[in-house]
Amino acid sequence: MQADAPRACRFGRRWYLNNESWHPFVPPFGEMKCILCWCVSGETHCQRQECPPSACASPATRDNPCCAKCRGECSAPTQAPLPKHSVAAPSLLG
């Protein structure tokens, strides 16, 4: 076995390759769609999906069960304008 080869990760009863990502399965709850795990050189890292705070009284989770949104809100994410001192990255397409 090569010592410098990327190592796999074990989560529960499954093995995942280096750089592979997955939604963990946690009994008795099942697959955790709001959590993403990934394997980095033999170490498992997991993170819960971050959601913006809801500004309405009764948010709904119909479109995205992980994040609540106000009803009647457009589903496309909005992008905040760049601060004046920021520089946009050049296009990679030429």
# chains A, B, ... in the order shown; residues from 1 in each chain; ligands from 1
>>> residues_around(residues="Asn19 in chain A", least_positions_apart="5", cutoff="9 Å", atoms="only C-alpha atoms", output="list in words")
Ala8, Trp38, Cys39, Val40 and Ser41 of chain A
>>> residues_around(residues="range 46-55 of chain A", least_positions_apart="5", cutoff="10 Å", atoms="only C-alpha atoms", output="PyMOL selection string")
chain A and resi 21-24+32-39+60+66-70
>>> write_last_selection(atoms="C-alpha atoms", output="PDB file, in the first residue's frame")
ATOM      1  CA  SER A  21     -19.069  14.526  -0.657  1.00  0.00           C
ATOM      2  CA  TRP A  22     -22.373  13.137   0.644  1.00  0.00           C
ATOM      3  CA  HIS A  23     -25.433  13.792   2.792  1.00  0.00           C
ATOM      4  CA  PRO A  24     -24.997  11.651   5.914  1.00  0.00           C
ATOM      5  CA  MET A  32     -29.765  14.489   6.510  1.00  0.00           C
ATOM      6  CA  LYS A  33     -30.352  16.647   3.391  1.00  0.00           C
ATOM      7  CA  CYS A  34     -29.438  19.883   5.208  1.00  0.00           C
ATOM      8  CA  ILE A  35     -25.959  18.599   6.126  1.00  0.00           C
ATOM      9  CA  LEU A  36     -23.122  18.041   3.675  1.00  0.00           C
ATOM     10  CA  CYS A  37     -20.086  15.935   4.542  1.00  0.00           C
ATOM     11  CA  TRP A  38     -16.868  15.530   2.579  1.00  0.00           C
ATOM     12  CA  CYS A  39     -13.662  13.536   2.857  1.00  0.00           C
ATOM     13  CA  ALA A  60     -42.384  28.601   4.608  1.00  0.00           C
ATOM     14  CA  CYS A  66     -33.438  23.399   5.000  1.00  0.00           C
ATOM     15  CA  CYS A  67     -34.064  27.150   4.790  1.00  0.00           C
ATOM     16  CA  ALA A  68     -37.275  29.076   5.477  1.00  0.00           C
ATOM     17  CA  LYS A  69     -38.385  31.840   3.110  1.00  0.00           C
ATOM     18  CA  CYS A  70     -41.167  34.377   3.232  1.00  0.00           C
TER      19      CYS A  70
END
>>> closest_residue(among="A:Glu20, A:Glu31, A:Ala57, A:Gly42", to="Ala5 in chain A", atoms="only C-alpha atoms")
A:Gly42
